[in-house]
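Asks: Contents of entry.pdb (PDB, C-alpha atoms) are given next:
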```pdb
ATOM      1  CA  MET A 586     103.500 111.462  59.530  1.00  0.00           C
ATOM      2  CA  ALA A 587     106.049 114.219  59.486  1.00  0.00           C
ATOM      3  CA  ASP A 588     104.299 115.842  62.442  1.00  0.00           C
ATOM      4  CA  GLU A 589     104.552 112.723  64.625  1.00  0.00           C
ATOM      5  CA  PRO A 590     108.114 113.166  65.984  1.00  0.00           C
ATOM      6  CA  THR A 591     107.372 116.804  66.683  1.00  0.00           C
ATOM      7  CA  LYS A 592     104.280 115.812  68.647  1.00  0.00           C
ATOM      8  CA  TRP A 593     106.222 113.292  70.722  1.00  0.00           C
ATOM      9  CA  HIS A 594     109.029 115.780  71.225  1.00  0.00           C
ATOM     10  CA  ASP A 595     106.546 118.450  72.273  1.00  0.00           C
ATOM     11  CA  LEU A 596     104.930 116.047  74.706  1.00  0.00           C
ATOM     12  CA  LEU A 597     108.281 115.102  76.206  1.00  0.00           C
ATOM     13  CA  VAL A 598     109.311 118.731  76.541  1.00  0.00           C
ATOM     14  CA  ALA A 599     105.926 119.588  78.073  1.00  0.00           C
ATOM     15  CA  VAL A 600     106.261 116.771  80.621  1.00  0.00           C
ATOM     16  CA  LEU A 601     109.841 117.650  81.552  1.00  0.00           C
ATOM     17  CA  ASP A 602     108.960 121.320  81.738  1.00  0.00           C
ATOM     18  CA  HIS A 603     106.362 120.582  84.421  1.00  0.00           C
ATOM     19  CA  PRO A 604     108.066 118.582  87.191  1.00  0.00           C
ATOM     20  CA  GLU A 605     105.003 118.909  89.413  1.00  0.00           C
ATOM     21  CA  LYS A 606     102.863 117.034  86.875  1.00  0.00           C
ATOM     22  CA  LEU A 607     105.559 114.392  86.454  1.00  0.00           C
ATOM     23  CA  ALA A 608     105.896 113.890  90.229  1.00  0.00           C
ATOM     24  CA  LEU A 609     102.111 113.800  90.697  1.00  0.00           C
ATOM     25  CA  GLY A 610     101.779 111.280  87.862  1.00  0.00           C
ATOM     26  CA  PHE A 611     104.405 108.963  89.350  1.00  0.00           C
ATOM     27  CA  VAL A 612     102.951 109.171  92.842  1.00  0.00           C
ATOM     28  CA  LEU A 613      99.336 108.653  91.740  1.00  0.00           C
ATOM     29  CA  LEU A 614     100.354 105.719  89.576  1.00  0.00           C
ATOM     30  CA  ALA A 615     102.221 104.039  92.454  1.00  0.00           C
ATOM     31  CA  GLY A 616      99.427 104.747  94.956  1.00  0.00           C
ATOM     32  CA  PHE A 617      96.737 103.523  92.585  1.00  0.00           C
ATOM     33  CA  TRP A 618      98.736 100.350  91.839  1.00  0.00           C
ATOM     34  CA  ARG A 619      99.224  99.652  95.543  1.00  0.00           C
ATOM     35  CA  TRP A 620      95.548 100.276  96.285  1.00  0.00           C
ATOM     36  CA  ILE A 621      94.362  97.992  93.463  1.00  0.00           C
ATOM     37  CA  ARG A 622      96.780  95.272  94.570  1.00  0.00           C
ATOM     38  CA  GLU A 623      95.478  95.525  98.131  1.00  0.00           C
ATOM     39  CA  LEU A 624      91.844  95.253  96.982  1.00  0.00           C
ATOM     40  CA  PHE A 625      92.724  92.250  94.826  1.00  0.00           C
ATOM     41  CA  HIS A 626      94.625  90.656  97.705  1.00  0.00           C
ATOM     42  CA  GLU A 627      91.663  91.218 100.073  1.00  0.00           C
ATOM     43  CA  SER A 628      89.196  89.506  97.730  1.00  0.00           C
ATOM     44  CA  LYS A 629      91.652  86.620  97.249  1.00  0.00           C
ATOM     45  CA  GLU A 630      92.077  86.283 101.024  1.00  0.00           C
ATOM     46  CA  ASP A 631      88.295  86.181 101.502  1.00  0.00           C
ATOM     47  CA  SER A 632      87.944  83.320  99.039  1.00  0.00           C
ATOM     48  CA  GLN A 633      90.868  81.496 100.697  1.00  0.00           C
ATOM     49  CA  HIS A 634      89.235  82.037 104.087  1.00  0.00           C
ATOM     50  CA  GLU A 635      86.104  80.226 102.878  1.00  0.00           C
ATOM     51  CA  THR A 636      88.134  77.231 101.695  1.00  0.00           C
ATOM     52  CA  PHE A 637      89.961  77.204 105.026  1.00  0.00           C
ATOM     53  CA  VAL A 638      86.623  77.060 106.864  1.00  0.00           C
ATOM     54  CA  ASP A 639      85.503  74.311 104.507  1.00  0.00           C
ATOM     55  CA  SER A 640      88.612  72.256 105.239  1.00  0.00           C
ATOM     56  CA  LEU A 641      88.045  72.746 108.984  1.00  0.00           C
ATOM     57  CA  LEU A 642      84.478  71.462 108.637  1.00  0.00           C
ATOM     58  CA  ARG A 643      85.713  68.473 106.650  1.00  0.00           C
ATOM     59  CA  ARG A 644      88.295  67.632 109.319  1.00  0.00           C
ATOM     60  CA  LEU A 645      85.642  67.973 112.014  1.00  0.00           C
ATOM     61  CA  LYS A 646      83.376  65.517 110.212  1.00  0.00           C
ATOM     62  CA  GLU A 647      86.268  63.096 109.724  1.00  0.00           C
ATOM     63  CA  SER A 648      87.195  63.202 113.406  1.00  0.00           C
ATOM     64  CA  GLU A 649      83.522  62.747 114.394  1.00  0.00           C
ATOM     65  CA  GLN A 650      83.346  59.655 112.178  1.00  0.00           C
ATOM     66  CA  GLU A 651      86.577  58.339 113.699  1.00  0.00           C
ATOM     67  CA  ASN A 652      85.251  58.953 117.220  1.00  0.00           C
ATOM     68  CA  LYS A 653      82.054  57.104 116.366  1.00  0.00           C
ATOM     69  CA  GLU A 654      84.016  54.099 115.088  1.00  0.00           C
ATOM     70  CA  LEU A 655      86.179  54.053 118.207  1.00  0.00           C
ATOM     71  CA  ARG A 656      83.121  54.269 120.461  1.00  0.00           C
ATOM     72  CA  ASP A 657      81.480  51.358 118.609  1.00  0.00           C
ATOM     73  CA  GLU A 658      84.639  49.303 118.893  1.00  0.00           C
ATOM     74  CA  LEU A 659      84.886  50.025 122.591  1.00  0.00           C
ATOM     75  CA  ARG A 660      81.262  49.033 123.177  1.00  0.00           C
ATOM     76  CA  LYS A 661      81.879  45.765 121.302  1.00  0.00           C
ATOM     77  CA  ARG A 662      84.875  44.993 123.476  1.00  0.00           C
ATOM     78  CA  VAL A 663      82.963  45.750 126.670  1.00  0.00           C
ATOM     79  CA  LYS A 664      80.138  43.470 125.529  1.00  0.00           C
ATOM     80  CA  GLU A 665      82.615  40.704 124.681  1.00  0.00           C
ATOM     81  CA  ASP A 666      84.245  41.026 128.103  1.00  0.00           C
ATOM     82  CA  HIS A 667      80.838  40.761 129.844  1.00  0.00           C
ATOM     83  CA  HIS A 668      80.043  37.721 127.718  1.00  0.00           C
ATOM     84  CA  ASP A 669      83.362  36.038 128.636  1.00  0.00           C
ATOM     85  CA  GLN A 670      82.742  36.613 132.343  1.00  0.00           C
TER      86      GLN A 670
ATOM     87  CA  MET B1235     117.022 106.531 147.438  1.00  0.00           C
ATOM     88  CA  GLY B1236     114.053 108.838 146.994  1.00  0.00           C
ATOM     89  CA  ARG B1237     115.757 110.648 144.197  1.00  0.00           C
ATOM     90  CA  ARG B1238     116.530 107.373 142.419  1.00  0.00           C
ATOM     91  CA  TRP B1239     112.892 106.327 142.822  1.00  0.00           C
ATOM     92  CA  ILE B1240     111.722 109.613 141.352  1.00  0.00           C
ATOM     93  CA  ASN B1241     114.168 109.249 138.439  1.00  0.00           C
ATOM     94  CA  ASN B1242     113.158 105.637 137.751  1.00  0.00           C
ATOM     95  CA  GLY B1243     109.467 106.415 138.117  1.00  0.00           C
ATOM     96  CA  PHE B1244     109.747 109.375 135.793  1.00  0.00           C
ATOM     97  CA  ARG B1245     111.724 107.328 133.258  1.00  0.00           C
ATOM     98  CA  GLU B1246     109.191 104.483 133.373  1.00  0.00           C
ATOM     99  CA  SER B1247     106.185 106.743 133.020  1.00  0.00           C
ATOM    100  CA  PHE B1248     107.954 108.628 130.219  1.00  0.00           C
ATOM    101  CA  ALA B1249     108.644 105.333 128.411  1.00  0.00           C
ATOM    102  CA  LYS B1250     104.971 104.380 128.728  1.00  0.00           C
ATOM    103  CA  ILE B1251     103.873 107.326 126.577  1.00  0.00           C
ATOM    104  CA  GLY B1252     102.741 105.807 123.274  1.00  0.00           C
ATOM    105  CA  THR B1253     104.755 108.133 121.051  1.00  0.00           C
ATOM    106  CA  ILE B1254     107.991 107.613 122.987  1.00  0.00           C
ATOM    107  CA  HIS B1255     107.484 103.838 122.878  1.00  0.00           C
ATOM    108  CA  ARG B1256     106.827 104.051 119.143  1.00  0.00           C
ATOM    109  CA  LEU B1257     109.939 106.189 118.618  1.00  0.00           C
ATOM    110  CA  ARG B1258     112.057 103.609 120.449  1.00  0.00           C
ATOM    111  CA  SER B1259     110.678 100.736 118.359  1.00  0.00           C
ATOM    112  CA  ILE B1260     111.259 102.707 115.132  1.00  0.00           C
ATOM    113  CA  MET B1261     114.874 103.357 116.008  1.00  0.00           C
ATOM    114  CA  SER B1262     115.503  99.710 116.916  1.00  0.00           C
ATOM    115  CA  ALA B1263     113.386  97.549 114.593  1.00  0.00           C
ATOM    116  CA  ALA B1264     111.590  99.361 111.764  1.00  0.00           C
ATOM    117  CA  PRO B1265     113.793 100.562 108.891  1.00  0.00           C
ATOM    118  CA  TRP B1266     110.934 101.858 106.714  1.00  0.00           C
ATOM    119  CA  SER B1267     109.358 103.799 109.536  1.00  0.00           C
ATOM    120  CA  ASN B1268     112.840 105.144 110.164  1.00  0.00           C
ATOM    121  CA  HIS B1269     112.886 106.400 106.581  1.00  0.00           C
ATOM    122  CA  ASP B1270     109.398 107.897 107.010  1.00  0.00           C
ATOM    123  CA  LEU B1271     110.531 109.659 110.162  1.00  0.00           C
ATOM    124  CA  LEU B1272     113.605 111.089 108.426  1.00  0.00           C
ATOM    125  CA  VAL B1273     111.582 112.279 105.426  1.00  0.00           C
ATOM    126  CA  SER B1274     108.985 113.866 107.730  1.00  0.00           C
ATOM    127  CA  PHE B1275     111.667 115.824 109.565  1.00  0.00           C
ATOM    128  CA  ILE B1276     113.347 116.894 106.303  1.00  0.00           C
ATOM    129  CA  LEU B1277     110.077 118.183 104.819  1.00  0.00           C
ATOM    130  CA  LEU B1278     108.960 119.809 108.055  1.00  0.00           C
ATOM    131  CA  PHE B1279     112.282 121.610 108.537  1.00  0.00           C
ATOM    132  CA  ILE B1280     112.418 122.735 104.888  1.00  0.00           C
ATOM    133  CA  GLY B1281     108.880 124.096 105.240  1.00  0.00           C
ATOM    134  CA  LEU B1282     109.626 125.845 108.524  1.00  0.00           C
ATOM    135  CA  ALA B1283     112.923 127.258 107.208  1.00  0.00           C
ATOM    136  CA  LEU B1284     111.122 128.714 104.190  1.00  0.00           C
ATOM    137  CA  LEU B1285     108.368 130.137 106.399  1.00  0.00           C
ATOM    138  CA  ILE B1286     110.846 131.716 108.818  1.00  0.00           C
ATOM    139  CA  ASP B1287     113.128 133.125 106.150  1.00  0.00           C
ATOM    140  CA  PRO B1288     111.555 133.208 102.657  1.00  0.00           C
ATOM    141  CA  ALA B1289     114.747 134.771 101.258  1.00  0.00           C
ATOM    142  CA  VAL B1290     116.412 131.325 101.533  1.00  0.00           C
ATOM    143  CA  GLY B1291     113.925 129.957  99.013  1.00  0.00           C
ATOM    144  CA  LEU B1292     114.537 132.830  96.660  1.00  0.00           C
ATOM    145  CA  LEU B1293     118.302 132.386  96.770  1.00  0.00           C
ATOM    146  CA  LEU B1294     118.528 128.609  96.402  1.00  0.00           C
ATOM    147  CA  ARG B1295     118.475 127.218  92.905  1.00  0.00           C
ATOM    148  CA  SER B1296     116.675 124.061  94.122  1.00  0.00           C
ATOM    149  CA  TYR B1297     113.560 126.057  94.968  1.00  0.00           C
ATOM    150  CA  ALA B1298     113.771 128.617  92.162  1.00  0.00           C
ATOM    151  CA  TYR B1299     111.336 126.841  89.871  1.00  0.00           C
ATOM    152  CA  LEU B1300     108.829 126.025  92.622  1.00  0.00           C
ATOM    153  CA  ASN B1301     108.927 129.546  94.055  1.00  0.00           C
ATOM    154  CA  GLN B1302     108.472 131.049  90.622  1.00  0.00           C
ATOM    155  CA  ARG B1303     105.548 128.743  89.932  1.00  0.00           C
ATOM    156  CA  TRP B1304     103.667 128.693  93.249  1.00  0.00           C
ATOM    157  CA  GLY B1305     105.224 131.340  95.499  1.00  0.00           C
ATOM    158  CA  VAL B1306     107.510 130.889  98.497  1.00  0.00           C
ATOM    159  CA  TYR B1307     104.785 130.728 101.155  1.00  0.00           C
ATOM    160  CA  ASN B1308     102.677 128.183  99.310  1.00  0.00           C
ATOM    161  CA  VAL B1309     105.702 125.910  98.841  1.00  0.00           C
ATOM    162  CA  ALA B1310     106.640 126.365 102.511  1.00  0.00           C
ATOM    163  CA  LEU B1311     103.103 125.568 103.673  1.00  0.00           C
ATOM    164  CA  LEU B1312     102.925 122.519 101.409  1.00  0.00           C
ATOM    165  CA  PHE B1313     106.213 121.109 102.724  1.00  0.00           C
ATOM    166  CA  ALA B1314     105.498 121.909 106.371  1.00  0.00           C
ATOM    167  CA  GLY B1315     101.969 120.476 106.117  1.00  0.00           C
ATOM    168  CA  VAL B1316     103.068 117.262 104.443  1.00  0.00           C
ATOM    169  CA  GLY B1317     105.973 116.913 106.906  1.00  0.00           C
ATOM    170  CA  ALA B1318     103.655 117.399 109.894  1.00  0.00           C
ATOM    171  CA  LEU B1319     101.106 114.911 108.525  1.00  0.00           C
ATOM    172  CA  SER B1320     103.782 112.329 107.851  1.00  0.00           C
ATOM    173  CA  LEU B1321     105.283 112.877 111.310  1.00  0.00           C
ATOM    174  CA  CYS B1322     101.899 112.355 112.989  1.00  0.00           C
ATOM    175  CA  VAL B1323     101.181 109.213 110.977  1.00  0.00           C
ATOM    176  CA  THR B1324     104.643 107.775 111.671  1.00  0.00           C
ATOM    177  CA  LEU B1325     104.701 108.542 115.389  1.00  0.00           C
ATOM    178  CA  TRP B1326     101.099 107.633 116.166  1.00  0.00           C
ATOM    179  CA  CYS B1327     101.172 104.978 118.876  1.00  0.00           C
ATOM    180  CA  VAL B1328      98.722 102.647 117.086  1.00  0.00           C
ATOM    181  CA  SER B1329      98.886 101.860 113.395  1.00  0.00           C
ATOM    182  CA  PRO B1330      96.685 104.318 111.426  1.00  0.00           C
ATOM    183  CA  PRO B1331      94.431 102.914 108.673  1.00  0.00           C
ATOM    184  CA  PHE B1332      96.023 101.698 105.466  1.00  0.00           C
ATOM    185  CA  TRP B1333      94.603 104.518 103.318  1.00  0.00           C
ATOM    186  CA  LEU B1334      96.005 107.184 105.647  1.00  0.00           C
ATOM    187  CA  ARG B1335      99.483 105.637 105.702  1.00  0.00           C
ATOM    188  CA  LEU B1336      99.420 105.289 101.907  1.00  0.00           C
ATOM    189  CA  LEU B1337      98.235 108.889 101.495  1.00  0.00           C
ATOM    190  CA  SER B1338     100.926 110.181 103.817  1.00  0.00           C
ATOM    191  CA  ARG B1339     103.662 108.302 101.955  1.00  0.00           C
ATOM    192  CA  MET B1340     102.273 109.491  98.627  1.00  0.00           C
ATOM    193  CA  ALA B1341     102.308 113.102  99.818  1.00  0.00           C
ATOM    194  CA  SER B1342     105.884 112.945 101.103  1.00  0.00           C
ATOM    195  CA  ALA B1343     107.066 111.127  97.952  1.00  0.00           C
ATOM    196  CA  PHE B1344     105.364 113.811  95.854  1.00  0.00           C
ATOM    197  CA  CYS B1345     107.241 116.595  97.681  1.00  0.00           C
ATOM    198  CA  LEU B1346     110.600 114.841  97.345  1.00  0.00           C
ATOM    199  CA  LEU B1347     110.079 113.900  93.690  1.00  0.00           C
ATOM    200  CA  LEU B1348     109.012 117.481  93.063  1.00  0.00           C
ATOM    201  CA  LEU B1349     112.290 118.700  94.530  1.00  0.00           C
ATOM    202  CA  ALA B1350     114.230 116.032  92.616  1.00  0.00           C
ATOM    203  CA  PHE B1351     112.652 116.847  89.238  1.00  0.00           C
ATOM    204  CA  SER B1352     112.785 120.595  89.687  1.00  0.00           C
ATOM    205  CA  THR B1353     116.486 120.481  90.575  1.00  0.00           C
ATOM    206  CA  ALA B1354     117.215 117.942  87.811  1.00  0.00           C
ATOM    207  CA  MET B1355     115.929 120.478  85.276  1.00  0.00           C
ATOM    208  CA  PHE B1356     119.104 122.470  85.716  1.00  0.00           C
ATOM    209  CA  SER B1357     122.484 121.395  84.475  1.00  0.00           C
ATOM    210  CA  PRO B1358     124.979 120.459  85.896  1.00  0.00           C
ATOM    211  CA  TRP B1359     123.524 118.306  88.642  1.00  0.00           C
ATOM    212  CA  THR B1360     124.465 119.343  92.146  1.00  0.00           C
ATOM    213  CA  PRO B1361     124.918 117.047  95.169  1.00  0.00           C
ATOM    214  CA  ALA B1362     121.544 118.392  96.385  1.00  0.00           C
ATOM    215  CA  SER B1363     119.770 117.193  93.239  1.00  0.00           C
ATOM    216  CA  ILE B1364     121.338 113.732  93.570  1.00  0.00           C
ATOM    217  CA  THR B1365     120.336 113.591  97.246  1.00  0.00           C
ATOM    218  CA  TYR B1366     116.760 114.626  96.521  1.00  0.00           C
ATOM    219  CA  SER B1367     116.567 112.106  93.663  1.00  0.00           C
ATOM    220  CA  LEU B1368     117.741 109.231  95.847  1.00  0.00           C
ATOM    221  CA  ILE B1369     115.466 110.088  98.764  1.00  0.00           C
ATOM    222  CA  GLY B1370     112.602 110.588  96.303  1.00  0.00           C
ATOM    223  CA  LEU B1371     113.268 107.179  94.763  1.00  0.00           C
ATOM    224  CA  TRP B1372     113.268 105.567  98.221  1.00  0.00           C
ATOM    225  CA  SER B1373     110.005 107.310  99.092  1.00  0.00           C
ATOM    226  CA  PHE B1374     108.494 106.145  95.821  1.00  0.00           C
ATOM    227  CA  TRP B1375     109.496 102.587  96.705  1.00  0.00           C
ATOM    228  CA  GLY B1376     107.995 103.185 100.147  1.00  0.00           C
ATOM    229  CA  ILE B1377     104.569 103.748  98.534  1.00  0.00           C
ATOM    230  CA  LEU B1378     104.795 100.413  96.740  1.00  0.00           C
ATOM    231  CA  ARG B1379     105.718  98.494  99.891  1.00  0.00           C
ATOM    232  CA  THR B1380     103.089  99.992 102.213  1.00  0.00           C
ATOM    233  CA  ASN B1381     101.629  97.063 104.136  1.00  0.00           C
ATOM    234  CA  PRO B1382      97.941  96.846 105.026  1.00  0.00           C
ATOM    235  CA  SER B1383      98.929  95.297 108.367  1.00  0.00           C
ATOM    236  CA  GLY B1384     101.653  96.702 110.562  1.00  0.00           C
ATOM    237  CA  ARG B1385     103.508  99.942 109.748  1.00  0.00           C
TER     238      ARG B1385
END
```
Is it possible to give me this structure as structure tokens?
Replies:
Amino acid sequence: MADEPTKWHDLLVAVLDHPEKLALGFVLLAGFWRWIRELFHESKEDSQHETFVDSLLRRLKESEQENKELRDELRKRVKEDHHDQ
Amino acid sequence: MGRRWINNGFRESFAKIGTIHRLRSIMSAAPWSNHDLLVSFILLFIGLALLIDPAVGLLLRSYAYLNQRWGVYNVALLFAGVGALSLCVTLWCVSPPFWLRLLSRMASAFCLLLLAFSTAMFSPWTPASITYSLIGLWSFWGILRTNPSGR
């Protein structure tokens, strides 16, 4: 236990005595963090892209259904008009 | 008339060069690329100054630790190399890949943090150590805000 503060102190002195290691540590940490975030973001975007495509397909089906209904309605009207004449 | 045409033609063709166009857009609408450009020039000029006159590095307190540790020429080559790489990446007319831009920013931030920490070892702090620390901090932040798209 008595050695613990000395160890920490030694570590601190060792780190501050080597600015190149400190600078390299900071830079690698930041670069690694940025890289990991980018990878995570890319995978998230891919999954979002799939849902976007899914929603587009859903909208396409909805509009097809709507078109079909409108066509049917139009045919009915045309038939009714012929019948009236 | 002819002279004006030559001048205008020369100016237009000069402006069409990718690097010149990029330089103009940096100066007008890209603050972080502006920072990258400044840092590249600082590192390149420090490296070249140390290569041309190594005695400068031996006299200045800022470089005393680094010179003692690695030698004047190695420090000069490191700074000039990183500065040149950063300059190429910043001024390239199309956006280089994300990993290259990140690597370039990491390298320049390393050099500036190295200068900041090695000058901060000595007491009292000089204006140079404060300047290096601030530019190093900005470069460190630059790593964190490197965008995968754009510059």
Asks: Counting only C-alpha atoms, which of B:Trp1359, B:Trp1304, B:Phe1332, B:Trp1266 gets nearest to B:Ser1383?
Replies: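 Residue with the minimum atom-to-atom distance to B:Ser1383: B:Phe1332.
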Asks: Measuring between only C-alpha atoms, which one of A:Glu654, A:Gly610, A:Arg619, A:Thr591 shows the shortest distance to chain B?
Replies: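 Looking at the shortest contact to chain B, the residue is A:Arg619.
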Asks: Per residue of chain B within 12 Å of chain A, what are the shortest atom pair and its distance in Å to one decimal, counting only C-alpha atoms, with rows by chain and residue number, as a Markdown table?
Replies:
```
| residue | atom | partner | partner_atom | distance |
| --- | --- | --- | --- | --- |
| B:Tyr1299 | CA | A:Pro604 | CA | 9.3 |
| B:Leu1300 | CA | A:Glu605 | CA | 8.7 |
| B:Arg1303 | CA | A:Glu605 | CA | 9.9 |
| B:Trp1304 | CA | A:Glu605 | CA | 10.6 |
| B:Val1309 | CA | A:Glu605 | CA | 11.8 |
| B:Phe1332 | CA | A:Trp620 | CA | 9.3 |
| B:Trp1333 | CA | A:Trp620 | CA | 8.3 |
| B:Leu1334 | CA | A:Gly616 | CA | 11.5 |
| B:Arg1335 | CA | A:Gly616 | CA | 10.8 |
| B:Leu1336 | CA | A:Gly616 | CA | 7.0 |
| B:Leu1337 | CA | A:Gly616 | CA | 7.8 |
| B:Ser1338 | CA | A:Gly616 | CA | 10.5 |
| B:Arg1339 | CA | A:Gly616 | CA | 8.9 |
| B:Met1340 | CA | A:Val612 | CA | 5.8 |
| B:Ala1341 | CA | A:Val612 | CA | 8.0 |
| B:Ser1342 | CA | A:Val612 | CA | 9.5 |
| B:Ala1343 | CA | A:Val612 | CA | 6.8 |
| B:Phe1344 | CA | A:Ala608 | CA | 5.7 |
| B:Cys1345 | CA | A:Ala608 | CA | 8.0 |
| B:Leu1346 | CA | A:Ala608 | CA | 8.6 |
| B:Leu1347 | CA | A:Ala608 | CA | 5.4 |
| B:Leu1348 | CA | A:Ala608 | CA | 5.5 |
| B:Leu1349 | CA | A:Pro604 | CA | 8.5 |
| B:Ala1350 | CA | A:Pro604 | CA | 8.6 |
| B:Phe1351 | CA | A:Pro604 | CA | 5.3 |
| B:Ser1352 | CA | A:Pro604 | CA | 5.7 |
| B:Thr1353 | CA | A:Pro604 | CA | 9.3 |
| B:Ala1354 | CA | A:Pro604 | CA | 9.2 |
| B:Met1355 | CA | A:Leu601 | CA | 7.7 |
| B:Phe1356 | CA | A:Asp602 | CA | 11.0 |
| B:Ser1367 | CA | A:Ala608 | CA | 11.4 |
| B:Gly1370 | CA | A:Ala608 | CA | 9.6 |
| B:Leu1371 | CA | A:Phe611 | CA | 10.5 |
| B:Ser1373 | CA | A:Val612 | CA | 9.6 |
| B:Phe1374 | CA | A:Val612 | CA | 7.0 |
| B:Trp1375 | CA | A:Ala615 | CA | 8.6 |
| B:Gly1376 | CA | A:Ala615 | CA | 9.7 |
| B:Ile1377 | CA | A:Gly616 | CA | 6.3 |
| B:Leu1378 | CA | A:Arg619 | CA | 5.7 |
| B:Arg1379 | CA | A:Arg619 | CA | 7.9 |
| B:Thr1380 | CA | A:Arg619 | CA | 7.7 |
| B:Asn1381 | CA | A:Glu623 | CA | 8.7 |
| B:Pro1382 | CA | A:Glu623 | CA | 7.4 |
| B:Ser1383 | CA | A:Glu623 | CA | 10.8 |
```
Asks: Check which residues satisfy the PyMOL selection byres ((chain B and resi 1269-1285) around 10) in the file shown, then give them as a compact mmCIF listing (two decimals) with C-alpha atoms, keeping the file's coordinate frame.
Replies:
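Printed below is result-v1.txt as written:
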```
# COMPACT_ATOMS: atom_id res chain seq x y z
CA LEU B 1257 109.94 106.19 118.62
CA ILE B 1260 111.26 102.71 115.13
CA MET B 1261 114.87 103.36 116.01
CA ALA B 1264 111.59 99.36 111.76
CA PRO B 1265 113.79 100.56 108.89
CA TRP B 1266 110.93 101.86 106.71
CA SER B 1267 109.36 103.80 109.54
CA ASN B 1268 112.84 105.14 110.16
CA ILE B 1286 110.85 131.72 108.82
CA ASP B 1287 113.13 133.12 106.15
CA PRO B 1288 111.56 133.21 102.66
CA ALA B 1289 114.75 134.77 101.26
CA VAL B 1290 116.41 131.32 101.53
CA GLY B 1291 113.92 129.96 99.01
CA LEU B 1292 114.54 132.83 96.66
CA TYR B 1297 113.56 126.06 94.97
CA VAL B 1306 107.51 130.89 98.50
CA TYR B 1307 104.78 130.73 101.16
CA ASN B 1308 102.68 128.18 99.31
CA VAL B 1309 105.70 125.91 98.84
CA ALA B 1310 106.64 126.36 102.51
CA LEU B 1311 103.10 125.57 103.67
CA LEU B 1312 102.92 122.52 101.41
CA PHE B 1313 106.21 121.11 102.72
CA ALA B 1314 105.50 121.91 106.37
CA GLY B 1315 101.97 120.48 106.12
CA VAL B 1316 103.07 117.26 104.44
CA GLY B 1317 105.97 116.91 106.91
CA ALA B 1318 103.66 117.40 109.89
CA LEU B 1319 101.11 114.91 108.52
CA SER B 1320 103.78 112.33 107.85
CA LEU B 1321 105.28 112.88 111.31
CA CYS B 1322 101.90 112.36 112.99
CA VAL B 1323 101.18 109.21 110.98
CA THR B 1324 104.64 107.78 111.67
CA LEU B 1325 104.70 108.54 115.39
CA SER B 1338 100.93 110.18 103.82
CA ARG B 1339 103.66 108.30 101.96
CA SER B 1342 105.88 112.94 101.10
CA ALA B 1343 107.07 111.13 97.95
CA CYS B 1345 107.24 116.60 97.68
CA LEU B 1346 110.60 114.84 97.34
CA ILE B 1369 115.47 110.09 98.76
CA GLY B 1370 112.60 110.59 96.30
CA TRP B 1372 113.27 105.57 98.22
CA SER B 1373 110.00 107.31 99.09
CA GLY B 1376 108.00 103.18 100.15
```
Asks: Quick one, how far is atom CA of B:Leu1294 from atom CA of B:Ala1362?
Replies: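 Computing the Euclidean distance for atom CA of B:Leu1294 and atom CA of B:Ala1362 yields 10.7 Å.
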Asks: Mind pulling up the distance from atom CA of A:Glu647 to atom CA of A:Leu659?
Replies: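 Calculated distance between atom CA of A:Leu659 and atom CA of A:Glu647 is 18.4 Å.
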Asks: Kindly give the distance, in Å, that separates atom CA of A:Glu651 and atom CA of A:Asp666, rounded to a single decimal.
Replies: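 Result for atom CA of A:Glu651 versus atom CA of A:Asp666: 22.6 Å, one decimal.
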Asks: Give me the box for stretch 1273-1288 of chain B as JSON, namely the centre and edge lengths in Å to one decimal of a box along x, y and z that holds every listed atom plus 8 Å on each side.
Replies:
```
{"center_x": 110.9, "center_y": 122.7, "center_z": 106.1, "size_x": 21.0, "size_y": 36.9, "size_z": 22.9}
```
Asks: Tell me, as a PyMOL selection string, which residues lie within 9 Å of B:Trp1326, counting only C-alpha atoms; anything in the same chain fewer than 6 positions away does not count.
Replies: chain B and resi 1252-1253+1256
Asks: Taking the partial coordinates given, rebuild stretch 1250-1258 of chain B to contain N, CA and C atoms; return it as a short mmCIF file (atom, residue, chain, number, x, y, z; two decimals), in the frame of the given file.
Replies:
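And here is the file that came out, selection-v8.cif:
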```
data_model
loop_
_atom_site.label_atom_id
_atom_site.label_comp_id
_atom_site.auth_asym_id
_atom_site.auth_seq_id
_atom_site.Cartn_x
_atom_site.Cartn_y
_atom_site.Cartn_z
N LYS B 1250 106.30 104.93 128.98
CA LYS B 1250 104.97 104.38 128.73
C LYS B 1250 104.17 105.24 127.77
N ILE B 1251 104.60 106.47 127.53
CA ILE B 1251 103.87 107.33 126.58
C ILE B 1251 103.97 106.66 125.21
N GLY B 1252 102.81 106.54 124.55
CA GLY B 1252 102.74 105.81 123.27
C GLY B 1252 103.74 106.28 122.25
N THR B 1253 103.87 107.59 122.09
CA THR B 1253 104.76 108.13 121.05
C THR B 1253 106.21 107.81 121.35
N ILE B 1254 106.61 107.90 122.61
CA ILE B 1254 107.99 107.61 122.99
C ILE B 1254 108.29 106.13 122.74
N HIS B 1255 107.33 105.28 123.10
CA HIS B 1255 107.48 103.84 122.88
C HIS B 1255 107.63 103.55 121.39
N ARG B 1256 106.80 104.22 120.60
CA ARG B 1256 106.83 104.05 119.14
C ARG B 1256 108.18 104.52 118.58
N LEU B 1257 108.66 105.64 119.08
CA LEU B 1257 109.94 106.19 118.62
C LEU B 1257 111.07 105.20 118.89
N ARG B 1258 111.02 104.59 120.08
CA ARG B 1258 112.06 103.61 120.45
C ARG B 1258 112.01 102.40 119.53
#
```
